[in-house]
Each structure stands twice: as C-alpha cells, then as structure tokens.
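What's in structure-v2.tsv: TSV, C-alpha atoms and all ligand atoms
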chain	number	residue	atom	x	y	z
A	1	MET	CA	44.23	174.97	142.25
A	2	ARG	CA	42.59	178.00	143.81
A	3	ARG	CA	44.20	180.24	146.40
A	4	VAL	CA	41.96	180.92	149.38
A	5	ASP	CA	42.27	183.47	152.15
A	6	ALA	CA	42.03	182.09	155.65
A	7	ASN	CA	40.48	183.90	158.54
A	8	VAL	CA	42.66	183.94	161.59
A	9	TYR	CA	40.47	182.93	164.46
A	10	MET	CA	42.74	183.68	167.40
A	11	ARG	CA	46.39	184.01	168.25
A	12	CYS	CA	47.67	181.39	170.62
A	13	SER	CA	51.41	182.04	170.67
A	14	PRO	CA	53.54	180.73	169.00
A	15	PHE	CA	50.67	179.43	166.82
A	16	PHE	CA	47.87	181.05	164.98
A	17	VAL	CA	44.55	179.27	164.92
A	18	TYR	CA	42.37	179.61	161.89
A	19	GLU	CA	39.03	178.27	160.91
A	20	LYS	CA	37.92	176.83	157.61
A	21	ARG	CA	34.49	175.24	157.15
A	22	GLY	CA	34.01	174.42	160.81
A	23	PHE	CA	37.49	172.95	161.41
A	24	LEU	CA	40.27	174.60	163.39
A	25	PHE	CA	43.84	174.53	162.06
A	26	PHE	CA	47.12	175.64	163.65
A	27	THR	CA	49.98	177.41	161.92
A	28	ARG	CA	53.14	179.28	162.85
A	29	HIS	CA	52.70	181.71	159.99
A	30	VAL	CA	51.74	185.35	159.96
A	31	ASP	CA	48.39	187.02	160.54
A	32	ARG	CA	46.73	186.57	157.17
A	33	PHE	CA	47.71	183.97	154.65
A	34	CYS	CA	46.56	181.84	151.79
A	35	TRP	CA	46.60	178.17	150.99
A	36	GLU	CA	45.75	176.16	147.96
A	37	VAL	CA	42.74	173.93	147.55
A	38	ASP	CA	41.98	171.36	144.88
A	39	ALA	CA	39.08	171.98	142.56
A	40	LEU	CA	36.80	168.97	142.16
A	41	ILE	CA	34.81	170.47	139.30
A	42	GLN	CA	36.18	172.83	136.67
A	43	LEU	CA	34.08	174.26	133.91
A	44	GLN	CA	36.07	176.00	131.26
A	45	GLN	CA	34.61	178.22	128.57
A	46	LEU	CA	31.36	176.29	128.62
A	47	HIS	CA	28.97	177.20	125.81
A	48	LYS	CA	25.60	175.64	125.18
A	49	SER	CA	22.96	176.53	122.66
A	50	TYR	CA	19.79	174.69	121.67
A	51	GLN	CA	18.52	174.27	118.12
A	52	VAL	CA	14.77	174.70	117.84
A	53	GLN	CA	13.08	174.68	114.43
A	54	GLY	CA	16.20	175.97	112.71
A	55	LYS	CA	16.76	178.69	115.31
A	56	THR	CA	19.71	178.82	117.71
A	57	ILE	CA	18.81	179.54	121.34
A	58	PRO	CA	21.87	180.43	123.39
A	59	ALA	CA	21.73	179.19	127.02
A	60	LEU	CA	25.33	179.36	128.30
A	61	LEU	CA	27.84	181.91	127.04
A	62	GLY	CA	31.32	180.93	128.21
A	63	ILE	CA	31.03	179.77	131.82
A	64	ASP	CA	34.27	179.43	133.80
A	65	LEU	CA	33.72	177.96	137.23
A	66	SER	CA	35.84	176.10	139.74
A	67	ILE	CA	34.24	174.22	142.64
A	68	ASP	CA	36.34	172.91	145.50
A	69	LYS	CA	36.25	169.49	147.14
A	70	GLY	CA	33.91	169.49	150.13
A	71	GLU	CA	32.25	172.85	149.54
A	72	ILE	CA	28.61	173.71	148.97
A	73	TYR	CA	28.45	175.89	145.88
A	74	GLY	CA	25.22	177.67	145.00
A	75	ILE	CA	24.24	179.03	141.61
A	76	ILE	CA	21.44	181.58	141.74
A	77	GLY	CA	19.60	183.17	138.84
A	78	HIS	CA	16.18	184.14	137.53
A	79	SER	CA	14.08	181.86	135.38
A	80	GLY	CA	15.68	181.39	131.94
A	81	ALA	CA	19.14	182.50	133.15
A	82	GLY	CA	20.70	179.12	132.35
A	83	LYS	CA	20.82	177.41	135.78
A	84	SER	CA	19.29	174.06	134.76
A	85	THR	CA	21.37	173.90	131.62
A	86	LEU	CA	24.50	174.61	133.64
A	87	ILE	CA	23.90	171.99	136.34
A	88	ARG	CA	22.89	169.40	133.74
A	89	CYS	CA	26.15	170.05	131.87
A	90	ILE	CA	28.10	168.99	134.99
A	91	ASN	CA	27.00	165.36	134.56
A	92	LEU	CA	26.53	165.74	130.82
A	93	LEU	CA	22.77	165.18	130.92
A	94	GLU	CA	23.12	168.14	128.57
A	95	ARG	CA	26.13	167.99	126.29
A	96	PRO	CA	27.78	171.43	126.01
A	97	THR	CA	28.21	172.87	122.54
A	98	SER	CA	31.84	173.59	123.43
A	99	GLY	CA	34.10	173.85	126.46
A	100	GLN	CA	35.41	171.48	129.12
A	101	VAL	CA	33.70	169.78	132.06
A	102	VAL	CA	36.44	168.41	134.29
A	103	VAL	CA	35.27	166.35	137.29
A	104	ASP	CA	37.94	164.92	139.59
A	105	GLY	CA	40.60	165.43	136.93
A	106	VAL	CA	38.69	163.85	134.01
A	107	ASP	CA	37.19	165.82	131.13
A	108	LEU	CA	33.75	164.22	130.74
A	109	THR	CA	33.27	165.61	127.24
A	110	LYS	CA	36.11	163.32	126.04
A	111	LEU	CA	34.67	160.05	127.43
A	112	ASP	CA	32.86	157.39	125.40
A	113	ASP	CA	29.39	156.30	126.57
A	114	SER	CA	30.45	153.41	128.80
A	115	LYS	CA	33.21	155.41	130.54
A	116	LEU	CA	30.78	158.32	130.98
A	117	GLN	CA	28.21	155.97	132.52
A	118	GLU	CA	30.83	154.77	135.00
A	119	LYS	CA	31.97	158.29	135.85
A	120	ARG	CA	28.37	159.42	136.39
A	121	ARG	CA	28.18	157.09	139.41
A	122	GLN	CA	30.41	159.65	141.14
A	123	ILE	CA	27.81	162.34	140.51
A	124	GLY	CA	24.47	162.01	142.30
A	125	MET	CA	21.56	164.27	141.42
A	126	ILE	CA	18.27	165.31	143.04
A	127	PHE	CA	15.41	167.13	141.33
A	128	GLN	CA	12.67	169.65	142.08
A	129	HIS	CA	9.92	167.05	141.42
A	130	PHE	CA	11.87	164.17	143.00
A	131	ASN	CA	11.67	161.85	139.92
A	132	LEU	CA	10.89	158.74	142.01
A	133	LEU	CA	9.57	155.47	140.56
A	134	SER	CA	5.92	155.60	141.58
A	135	SER	CA	5.39	151.82	141.39
A	136	ALA	CA	8.40	151.07	143.61
A	137	THR	CA	8.59	151.34	147.40
A	138	VAL	CA	10.95	153.69	149.22
A	139	GLY	CA	13.41	150.82	149.76
A	140	GLU	CA	13.20	149.77	146.09
A	141	ASN	CA	13.74	153.34	144.88
A	142	VAL	CA	16.91	153.61	146.95
A	143	ALA	CA	18.06	150.13	145.86
A	144	PHE	CA	17.59	150.95	142.16
A	145	PRO	CA	21.01	152.51	141.40
A	146	LEU	CA	22.70	149.76	143.43
A	147	LYS	CA	21.04	147.11	141.26
A	148	LEU	CA	22.19	148.97	138.14
A	149	ALA	CA	25.73	148.83	139.57
A	150	ASN	CA	25.39	145.03	139.96
A	151	ARG	CA	25.82	145.03	143.74
A	152	SER	CA	24.94	141.79	145.60
A	153	LYS	CA	21.61	141.40	147.42
A	154	ALA	CA	23.28	141.48	150.82
A	155	GLU	CA	25.23	144.64	149.94
A	156	ILE	CA	22.09	146.33	148.66
A	157	GLN	CA	20.15	145.43	151.82
A	158	LYS	CA	22.91	146.83	154.04
A	159	ARG	CA	23.38	150.01	152.02
A	160	VAL	CA	19.64	150.75	151.83
A	161	ASP	CA	19.42	150.39	155.62
A	162	GLU	CA	22.33	152.86	156.07
A	163	LEU	CA	20.89	155.37	153.63
A	164	LEU	CA	17.37	155.31	155.04
A	165	LYS	CA	18.85	155.87	158.50
A	166	LEU	CA	20.93	158.78	157.19
A	167	VAL	CA	17.86	160.54	155.80
A	168	GLY	CA	15.56	159.58	158.69
A	169	LEU	CA	13.19	157.31	156.75
A	170	GLU	CA	13.78	153.89	158.37
A	171	ALA	CA	10.10	153.63	159.28
A	172	HIS	CA	8.92	154.30	155.70
A	173	ARG	CA	10.85	151.64	153.79
A	174	ASP	CA	7.79	149.79	152.47
A	175	LYS	CA	5.67	152.81	151.58
A	176	TYR	CA	5.09	154.04	148.05
A	177	PRO	CA	5.95	157.62	146.98
A	178	SER	CA	2.24	158.54	146.85
A	179	GLN	CA	2.04	157.84	150.59
A	180	LEU	CA	4.81	160.33	151.43
A	181	SER	CA	4.93	164.10	151.99
A	182	GLY	CA	7.02	166.31	149.66
A	183	GLY	CA	9.85	166.51	152.19
A	184	GLN	CA	9.88	162.72	152.64
A	185	LYS	CA	9.94	162.23	148.85
A	186	GLN	CA	12.97	164.50	148.60
A	187	ARG	CA	14.66	162.49	151.38
A	188	VAL	CA	14.15	159.36	149.26
A	189	GLY	CA	15.65	161.28	146.32
A	190	ILE	CA	18.68	162.18	148.45
A	191	ALA	CA	19.14	158.60	149.70
A	192	ARG	CA	18.92	157.29	146.13
A	193	ALA	CA	21.41	159.90	144.87
A	194	LEU	CA	23.91	158.89	147.57
A	195	ALA	CA	23.58	155.14	146.97
A	196	ASN	CA	26.81	154.71	145.00
A	197	ASP	CA	28.92	156.96	147.29
A	198	PRO	CA	29.21	159.86	144.85
A	199	LYS	CA	31.81	162.58	145.17
A	200	VAL	CA	29.37	165.25	144.08
A	201	LEU	CA	25.68	165.84	144.69
A	202	LEU	CA	23.91	168.07	142.16
A	203	CYS	CA	20.68	169.66	143.43
A	204	ASP	CA	18.37	170.98	140.72
A	205	GLU	CA	15.99	173.38	142.54
A	206	ALA	CA	15.65	170.64	145.17
A	207	THR	CA	13.56	172.70	147.59
A	208	SER	CA	11.50	174.80	145.16
A	209	ALA	CA	8.42	172.56	145.41
A	210	LEU	CA	8.49	172.51	149.24
A	211	ASP	CA	6.97	174.76	151.91
A	212	PRO	CA	9.38	176.93	153.94
A	213	GLN	CA	9.54	174.63	156.97
A	214	THR	CA	10.21	171.53	154.86
A	215	THR	CA	12.73	173.52	152.81
A	216	ASN	CA	14.67	174.25	156.00
A	217	SER	CA	14.65	170.61	157.07
A	218	ILE	CA	15.96	169.48	153.65
A	219	LEU	CA	18.65	172.20	153.71
A	220	ALA	CA	19.68	171.05	157.21
A	221	LEU	CA	19.91	167.48	155.91
A	222	LEU	CA	22.10	168.56	152.97
A	223	LEU	CA	24.40	170.46	155.32
A	224	ASP	CA	24.60	167.46	157.64
A	225	ILE	CA	25.49	165.14	154.75
A	226	ASN	CA	28.10	167.62	153.46
A	227	ARG	CA	29.77	167.61	156.87
A	228	LYS	CA	29.45	163.92	157.69
A	229	LEU	CA	30.53	162.62	154.30
A	230	GLY	CA	32.68	165.53	153.07
A	231	LEU	CA	30.45	165.51	149.99
A	232	THR	CA	30.75	168.36	147.48
A	233	ILE	CA	27.33	169.85	146.75
A	234	VAL	CA	26.36	172.03	143.80
A	235	LEU	CA	22.89	173.50	143.92
A	236	ILE	CA	20.85	175.79	141.73
A	237	THR	CA	18.09	177.98	143.09
A	238	HIS	CA	16.23	181.23	142.59
A	239	GLU	CA	16.00	181.80	146.36
A	240	MET	CA	18.65	183.77	148.24
A	241	HIS	CA	17.46	182.15	151.46
A	242	VAL	CA	18.76	178.79	150.22
A	243	ILE	CA	22.16	180.28	149.39
A	244	ARG	CA	22.39	182.10	152.70
A	245	SER	CA	21.47	179.02	154.74
A	246	ILE	CA	23.97	176.46	153.52
A	247	CYS	CA	26.33	177.61	150.75
A	248	ASP	CA	30.02	178.46	151.13
A	249	ARG	CA	30.32	180.21	147.78
A	250	VAL	CA	27.84	181.47	145.24
A	251	GLY	CA	27.81	182.28	141.54
A	252	VAL	CA	25.12	184.58	140.14
A	253	ILE	CA	24.05	183.64	136.62
A	254	ASP	CA	22.32	186.05	134.28
A	255	GLY	CA	21.78	185.67	130.52
A	256	GLY	CA	23.99	182.56	130.40
A	257	LYS	CA	26.96	184.23	132.12
A	258	ILE	CA	28.29	184.22	135.68
A	259	VAL	CA	28.04	187.92	136.50
A	260	GLU	CA	29.27	187.77	140.09
A	261	SER	CA	30.80	185.11	142.33
A	262	GLY	CA	32.57	184.72	145.63
A	263	GLU	CA	32.20	183.77	149.29
A	264	VAL	CA	28.53	184.06	150.28
A	265	LEU	CA	29.31	186.55	153.04
A	266	ASP	CA	31.12	188.91	150.67
A	267	VAL	CA	28.57	188.67	147.89
A	268	PHE	CA	25.67	189.00	150.30
A	269	LEU	CA	27.01	191.97	152.20
A	270	LYS	CA	28.43	193.83	149.19
A	271	PRO	CA	26.47	192.82	146.11
A	272	GLN	CA	27.88	194.52	143.01
A	273	HIS	CA	25.81	193.42	140.03
A	274	PRO	CA	22.17	194.63	139.77
A	275	THR	CA	20.92	191.02	139.57
A	276	THR	CA	22.78	190.13	142.76
A	277	GLN	CA	21.37	193.23	144.44
A	278	GLU	CA	17.85	192.09	143.51
A	279	PHE	CA	18.44	188.69	145.07
A	280	VAL	CA	19.88	190.18	148.23
A	281	GLU	CA	16.78	192.38	148.50
A	282	GLN	CA	14.67	189.19	148.61
A	283	VAL	CA	15.94	188.61	152.14
A	284	ALA	CA	16.88	192.15	153.17
A	285	ASP	CA	13.49	193.87	152.95
A	286	SER	CA	15.11	197.07	151.68
A	287	SER	CA	11.95	198.80	150.55
A	288	GLU	CA	11.06	199.91	154.10
A	289	LEU	CA	14.62	201.07	154.59
A	290	ARG	CA	14.56	203.16	151.42
A	291	GLU	CA	11.41	204.85	152.66
A	292	ALA	CA	12.92	205.55	156.09
A	293	VAL	CA	16.16	206.93	154.59
A	294	ALA	CA	14.25	209.17	152.16
A	295	HIS	CA	12.10	210.45	155.01
A	296	GLU	CA	15.09	211.27	157.25
A	297	LYS	CA	17.10	212.84	154.41
A	298	ALA	CA	14.14	215.06	153.57
A	299	ALA	CA	14.09	216.17	157.20
A	300	GLY	CA	17.59	217.69	157.02
A	301	ASN	CA	21.28	217.15	156.57
A	302	ARG	CA	21.60	213.95	158.62
A	303	THR	CA	24.26	211.25	158.60
A	304	ILE	CA	22.78	207.83	157.93
A	305	ALA	CA	25.05	204.81	158.08
A	306	ARG	CA	24.77	201.06	157.65
A	307	VAL	CA	26.79	199.29	160.34
A	308	THR	CA	27.65	195.63	159.78
A	309	PHE	CA	28.70	193.27	162.59
A	310	LEU	CA	30.21	189.88	161.79
A	311	GLY	CA	30.88	186.79	163.88
A	312	GLU	CA	31.31	187.34	167.64
A	313	LYS	CA	31.09	191.12	167.19
A	314	THR	CA	27.40	190.62	166.42
A	315	TYR	CA	26.73	190.07	170.11
A	316	GLN	CA	29.05	192.76	171.55
A	317	PRO	CA	27.76	196.23	172.52
A	318	ILE	CA	30.42	198.00	170.39
A	319	LEU	CA	27.97	200.40	168.77
A	320	PHE	CA	26.32	201.49	171.99
A	321	GLN	CA	29.62	201.90	173.86
A	322	THR	CA	31.18	203.96	171.05
A	323	MET	CA	28.17	206.25	170.83
A	324	GLN	CA	28.30	206.76	174.60
A	325	GLU	CA	32.03	207.51	174.57
A	326	THR	CA	31.76	210.03	171.74
A	327	GLY	CA	28.53	211.46	173.16
A	328	THR	CA	26.64	210.88	169.93
A	329	VAL	CA	22.86	210.62	169.98
A	330	PHE	CA	21.59	208.12	167.43
A	331	SER	CA	18.44	206.38	166.38
A	332	ILE	CA	17.99	203.01	164.70
A	333	LEU	CA	16.08	203.06	161.40
A	334	GLN	CA	16.34	199.36	160.62
A	335	GLY	CA	18.03	196.32	162.08
A	336	THR	CA	18.66	192.65	161.34
A	337	ILE	CA	20.45	189.92	163.18
A	338	SER	CA	20.73	186.72	161.22
A	339	ARG	CA	23.11	183.97	160.25
A	340	MET	CA	24.86	183.06	157.04
A	341	LYS	CA	25.50	179.35	157.33
A	342	ASP	CA	27.56	179.31	160.56
A	343	THR	CA	28.42	183.00	160.73
A	344	PRO	CA	26.17	185.29	162.75
A	345	TYR	CA	25.89	188.80	161.38
A	346	GLY	CA	23.98	191.92	162.16
A	347	GLN	CA	23.19	195.04	160.17
A	348	LEU	CA	21.84	198.21	161.70
A	349	VAL	CA	20.96	201.34	159.80
A	350	VAL	CA	21.45	204.25	162.17
A	351	GLU	CA	20.98	207.97	161.98
A	352	LEU	CA	23.65	210.01	163.82
A	353	GLU	CA	22.45	213.28	165.21
A	354	GLY	CA	25.84	214.87	166.00
A	355	ASP	CA	27.52	217.55	163.85
A	356	VAL	CA	29.46	216.42	160.77
A	357	ARG	CA	32.90	216.29	162.49
A	358	GLN	CA	31.60	214.40	165.48
A	359	ASN	CA	29.82	211.88	163.25
A	360	GLU	CA	32.99	211.34	161.20
A	361	LYS	CA	34.94	210.67	164.40
A	362	THR	CA	32.31	208.21	165.62
A	363	ILE	CA	32.33	206.35	162.31
A	364	GLU	CA	36.13	206.17	162.33
A	365	THR	CA	36.10	204.73	165.87
A	366	LEU	CA	33.51	202.10	164.90
A	367	ARG	CA	35.71	201.06	161.96
A	368	GLN	CA	38.78	200.86	164.20
A	369	ARG	CA	36.80	198.54	166.47
A	370	GLY	CA	36.19	196.13	163.64
A	371	LEU	CA	32.73	197.10	162.40
A	372	GLU	CA	32.04	197.86	158.77
A	373	VAL	CA	30.39	201.22	158.31
A	374	GLU	CA	28.96	202.49	155.05
A	375	VAL	CA	27.54	205.99	154.93
A	376	ILE	CA	24.31	205.85	152.91
B	401	LIG	P1	16.83	178.31	134.14
B	401	LIG	O1	17.09	176.95	134.67
B	401	LIG	O2	17.69	179.36	134.76
B	401	LIG	O3	15.39	178.67	134.17
B	401	LIG	P2	17.39	177.11	131.55
B	401	LIG	O4	18.75	176.54	131.63
B	401	LIG	O5	16.24	176.17	131.72
B	401	LIG	O6	17.26	178.32	132.60
B	401	LIG	O7	17.20	177.86	130.17
B	401	LIG	C1	18.17	178.76	129.63
B	401	LIG	C2	17.72	179.14	128.21
B	401	LIG	O8	17.76	177.98	127.39
B	401	LIG	C3	16.30	179.65	128.13
B	401	LIG	O9	16.24	180.62	127.12
B	401	LIG	C4	15.50	178.43	127.76
B	401	LIG	O10	14.33	178.80	127.06
B	401	LIG	C5	16.46	177.70	126.85
B	401	LIG	N1	16.26	176.23	126.90
B	401	LIG	C6	16.44	175.44	127.99
B	401	LIG	N2	16.22	174.15	127.68
B	401	LIG	C7	15.89	174.13	126.36
B	401	LIG	C8	15.55	173.09	125.42
B	401	LIG	N3	15.52	171.80	125.79
B	401	LIG	N4	15.29	173.45	124.17
B	401	LIG	C9	15.35	174.73	123.78
B	401	LIG	N5	15.66	175.75	124.57
B	401	LIG	C10	15.93	175.46	125.85

Please, can you express the file's structure as structure tokens?
Ligand code: ADP
Amino acid sequence: MRRVDANVYMRCSPFFVYEKRGFLFFTRHVDRFCWEVDALIQLQQLHKSYQVQGKTIPALLGIDLSIDKGEIYGIIGHSGAGKSTLIRCINLLERPTSGQVVVDGVDLTKLDDSKLQEKRRQIGMIFQHFNLLSSATVGENVAFPLKLANRSKAEIQKRVDELLKLVGLEAHRDKYPSQLSGGQKQRVGIARALANDPKVLLCDEATSALDPQTTNSILALLLDINRKLGLTIVLITHEMHVIRSICDRVGVIDGGKIVESGEVLDVFLKPQHPTTQEFVEQVADSSELREAVAHEKAAGNRTIARVTFLGEKTYQPILFQTMQETGTVFSILQGTISRMKDTPYGQLVVELEGDVRQNEKTIETLRQRGLEVEVI
C-alpha cells in the first residue's frame, strides 16, 4: 500500500471534488488528504549481476520500487544504467541474483517453470525492434500467443479482430511485417502483447527506433489503452519527452540504483539529482537561458526569477496583473508553455527591474497568488 496525496480540484460545499488520473471524486473531508492505493508490482531489494568470463558485472544494486494498478510508470536512465535488466526482471526474462519481484501479490522468483509461464500471460511486453515473426502475417503474429494459450479458433478470430481494431490495423491483417512501417510494426507488437488480457504491459524502449511523429502516435496509443483498459504500463526510455508525454510517475536509474523518483510533475519541475537535471535539460533547452542569465547578471545587480504556472493558472494573466499592480517593470528572458500528460504548465524566466524591496514584494504577491517563484 502506498499513501498518495490528492489534489483538491474545487470546493463544492459540502463536498470537495478531487481529481486523480482523469477521474473526478467527491469527498466530505478536508482540503488536502491522502488515500491508499494498491501496488501491482513491488520490487524489493533487487540485485542482479552478470558473470562474464569469471568476472562479475553488477547491473542492479538493490532496487526498491512500487508501481500502482492503472498507472504509467517510466524508468529513465542513460545507456548502461540498468534499465533493460530492470524491466526484464519484472517478468523474469532475467532472473535477479537476489530480491523479490511481486506481481499482483505473487513473488515470481518463488514459482516453478509452469506456474511462471502461466503468470507471464498477465505480463505483456513490447520491444524496441518489435520482435515480430517475419514469416507470419499481421493477423498470425497477433494470434500467436492465443494459440499458445490453447484458445479455440473462433475465440482467436474474434480476439484478433478486436485487437487489430484497437490498434488501428484492421486493413493490414494479411500483410507481412516487411510490408509495414516502423509505427505499424509496433502497433502489431502492442496488439500481440495485449492478446491474453495482461494486467501489465512492459515497454522496452518501444519508441526508440521510431521518428518523432510516429513516436507521438505510439505514445498516444499507449495512453489510450491505459485509459480504456485500465492497464498498468511500465516503460523504460532514455528520452524525457516520452516520460513527460504519458507517465504518471518516474524513476531515474543511474549505476543500477534508483537515484530519484516521484510524480512526473514534481521530478520535472524540481529535479534534484544531477542525472535527472541532465534529462530535464533535454527538453528544457537551458543552455540559452544560462547565457541570458549570465549576460543580465554581468550587466548589474538584477533580480532574475523563474516563475512556474501549473494547470489553469497557465492561461491566467496573473504575472502581468501583479507586475502592473506593483508597478514593476520586467522583461522576459525565456518562456515555455507545454503540457505534462494532461497538465498544462508554463515557465517564464523574468528579470525584474525594480529595487530590491519592490522586487521582493512582487515575488511574495506572485507566490500568494499560487505561482511558484524561484529566484535564480
Ligand atoms: P541499459 O538498458 O540502461 O542500457 P543494461 O541493463 O542493458 O542497461 O545494462 C546494465 C549493465 O549490465 C551494463 O554494464 C551492461 O554492460 C551489463 N549487462 C547487461 N546485459 C548483460 C549481459 N547479458 N551480460 C553481461 N553484462 C550485461
């Protein structure tokens, strides 16, 4: 069980309305509260090392991770950090050297081969290079796991139809993988992974071989499936864009350890660990900002602040109104308006040209009005 903070969306007396993953809930309780959610996957003190020519190569060094039912959890890390090893330990494609892998209440490391085989049907997986059977058609690729599960011909036919519709490939049923684009191949991979109604979908760098536009369409499909089917998704990636687009929570892996984790919004807006900061820079374009800040600082004793807007506040003229009210002249050095999954956010780096006291007052007022302000 994990305790989660809820964000109160509005007060609608005598109830409070709060939002969690796109759904609205009502409660009579106070303004900020917690509730408990079930973990679907729990990794406890997971260690994995490889033996190569008498040498021990450590890959995972005591991973503790808890992933909730219905969430999209992203694991980001550089090459060699341990991402593939970690995701492959979740379905025991790699057997950990020690530690527990609990999926839906069952420790997979304790199962014999036949029980493990059965349990693996609950865990679908897609891969960077799709891993399709090249001599089988799209329909046959999707039917493959259903045949392995001894489903009847009629059942297989019906299920393949449903899955191809879900991934938008009805018209390509009789084509071979070589006749498909990369994005279409990954859609076949997704349909095949969902064939046996898994509880979890593992995505091993699923968009890394795709161009940016196709990546976005595959991410949109994963999000759609997560919402329609309530499917838990665990993905690994080296791209912050992927995390920002669809994940609820993220873990940053470095040298076989999770060095930072949390809600994507929190980790993205306030990265603590140097590795996380590097990943955030991938999408933040901070180099230009650093130049601008250095230039302005060199020009005198100026106040430079990063102002962050979240949710509805992103579209309200709070900054402009406050500056007008306090009579502060300001200039914008850098600005972004974007979206993290469903949450719009904006970040402006501004230079305040008032005296120190006036600037402090302006910053205080902005904070009181719900903006986050960090003096750089
Ligand atoms: P990532 O997916 O983040 O690139 P990996 O999990 O593939 O990282 O690798 C983590 C570490 O384990 C690396 O040092 C890598 O060289 C090593 N490693 C991974 N797979 C094997 C293997 N089959 N045999 C030996 N060493 C491996």

Set up a box along x, y and z of the file covering all listed atoms of range 328-340 of chain A, add 5 Å on every one of the six sides, and write the centre and edge lengths in Å to one decimal, as JSON.
{"center_x": 21.4, "center_y": 197.0, "center_z": 163.5, "size_x": 20.6, "size_y": 37.8, "size_z": 22.9}

| Among listed residues A:Cys203, A:Ile304, A:Leu116, A:Leu111, nearest ligand LIG 401 (chain B) (using all atoms listed in the file) |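 So, comparing all the options, the nearest one is A:Cys203.
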
| message | Just want the residues within 8 Å of ligand LIG 401 (chain B), written as a ChimeraX atom specification, counting all atoms listed in the file. | response | /A:49-52,57-60,77-86,253,255-256

Can you write out as CSV which residues of range 203-229 of chain A fall within 12 Å of range 338-361 of chain A, alongside each residue's closest atom pair and its distance in Å to one decimal, counting all atoms listed in the file and ordering rows by chain and ascending residue number?
residue,atom,partner,partner_atom,distance
A:Leu219,CA,A:Lys341,CA,10.5
A:Ala220,CA,A:Lys341,CA,10.1
A:Leu223,CA,A:Lys341,CA,9.2
A:Asp224,CA,A:Lys341,CA,11.9

| said: Would you compute the distance between CA of Ser217 in chain A and CA of Met125 in chain A? Give it in Å to one decimal. | reply: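 Answer for the CA of Ser217 in chain A to CA of Met125 in chain A separation: 18.2 Å.
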
| message | Give me the residues near range 258-267 of chain A as an MDAnalysis selection string, where near means some atom within 7 Å (using all atoms listed in the file) and where sequence neighbours in that chain fewer than 6 positions away do not count. | response | chainID A and resid 63 244 247:252 273 340

| note | Shortest contact to Leu221 in chain A, candidates A:Leu194, A:Val167, A:Leu40, A:Met240, atoms counted all atoms listed in the file, goes to A:Val167

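Summary of the local environment: counting all atoms listed in the file, residues at most 8 Å from range 64-71 of chain A, other than itself and those fewer than 5 positions away along its chain, are Val37, Asp38, Ala39, Leu40, Ile41, Gln42, Leu43, Gln44, Gln45, Leu46, Asn226, Gly230, Leu231, Thr232, Ile233, Cys247, Asp248, Arg249 and Ile258 of chain A.
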
| query | Which of these residues is nearest to Ile243 in chain A, using all atoms listed in the file: A:Gln53, A:Thr322, A:Gln100, A:Thr207? | reply | A:Thr207

| task | Figure out the distance between CA of Val102 in chain A and CA of Lys147 in chain A, please, to one decimal in Å. | result |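 Distance between the two atoms: 27.2 Å.
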
Nearby residues (only C-alpha atoms) at most 12 Å from Gln186 in chain A, same-chain spacing under 2 positions excluded, as a short mmCIF file (atom, residue, chain, number, x, y, z; two decimals) with C-alpha atoms, in the coordinates of the input:
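Everything below was put into part-v5.cif:
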data_model
loop_
_atom_site.label_atom_id
_atom_site.label_comp_id
_atom_site.auth_asym_id
_atom_site.auth_seq_id
_atom_site.Cartn_x
_atom_site.Cartn_y
_atom_site.Cartn_z
CA MET A 125 21.56 164.27 141.42
CA ILE A 126 18.27 165.31 143.04
CA PHE A 127 15.41 167.13 141.33
CA GLN A 128 12.67 169.65 142.08
CA HIS A 129 9.92 167.05 141.42
CA PHE A 130 11.87 164.17 143.00
CA ASN A 131 11.67 161.85 139.92
CA LEU A 132 10.89 158.74 142.01
CA VAL A 138 10.95 153.69 149.22
CA ASN A 141 13.74 153.34 144.88
CA VAL A 142 16.91 153.61 146.95
CA VAL A 167 17.86 160.54 155.80
CA GLY A 168 15.56 159.58 158.69
CA LEU A 169 13.19 157.31 156.75
CA PRO A 177 5.95 157.62 146.98
CA LEU A 180 4.81 160.33 151.43
CA SER A 181 4.93 164.10 151.99
CA GLY A 182 7.02 166.31 149.66
CA GLY A 183 9.85 166.51 152.19
CA GLN A 184 9.88 162.72 152.64
CA VAL A 188 14.15 159.36 149.26
CA GLY A 189 15.65 161.28 146.32
CA ILE A 190 18.68 162.18 148.45
CA ALA A 191 19.14 158.60 149.70
CA ARG A 192 18.92 157.29 146.13
CA ALA A 193 21.41 159.90 144.87
CA CYS A 203 20.68 169.66 143.43
CA ASP A 204 18.37 170.98 140.72
CA GLU A 205 15.99 173.38 142.54
CA ALA A 206 15.65 170.64 145.17
CA THR A 207 13.56 172.70 147.59
CA SER A 208 11.50 174.80 145.16
CA ALA A 209 8.42 172.56 145.41
CA LEU A 210 8.49 172.51 149.24
CA THR A 214 10.21 171.53 154.86
CA THR A 215 12.73 173.52 152.81
CA SER A 217 14.65 170.61 157.07
CA ILE A 218 15.96 169.48 153.65
CA LEU A 219 18.65 172.20 153.71
CA LEU A 221 19.91 167.48 155.91
CA LEU A 222 22.10 168.56 152.97
#

| remark: Glu278 in chain A proximity check over A:Arg95, A:Arg306, A:Lys257, A:His238, using only C-alpha atoms: winner is A:His238

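Minimum atom-to-atom distances from A:Leu61, A:Ile225, A:Ile337, A:Val329 to Ala284 in chain A were compared using all atoms listed in the file, and the lowest value belongs to A:Ile337.
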
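Straight-line separation from CA of Val200 in chain A to CA of Glu118 in chain A: 13.9 Å.
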
| said: Using all atoms listed in the file - which residues lie no farther than 6 Å from the point (22.2, 174.9, 143.0) in the file's frame? Write them as a list in words. | reply: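 Returned residue set, sorted by chain then number, is Gly74, Ile75, Cys203, Asp204, Val234, Leu235, Ile236 and Thr237 of chain A.
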
| request: Name all residues at most 9 Å from Gln282 in chain A (count only C-alpha atoms; drop same-chain ones fewer than 5 positions away) and give them as a ChimeraX atom specification. | output: /A:239-241,277
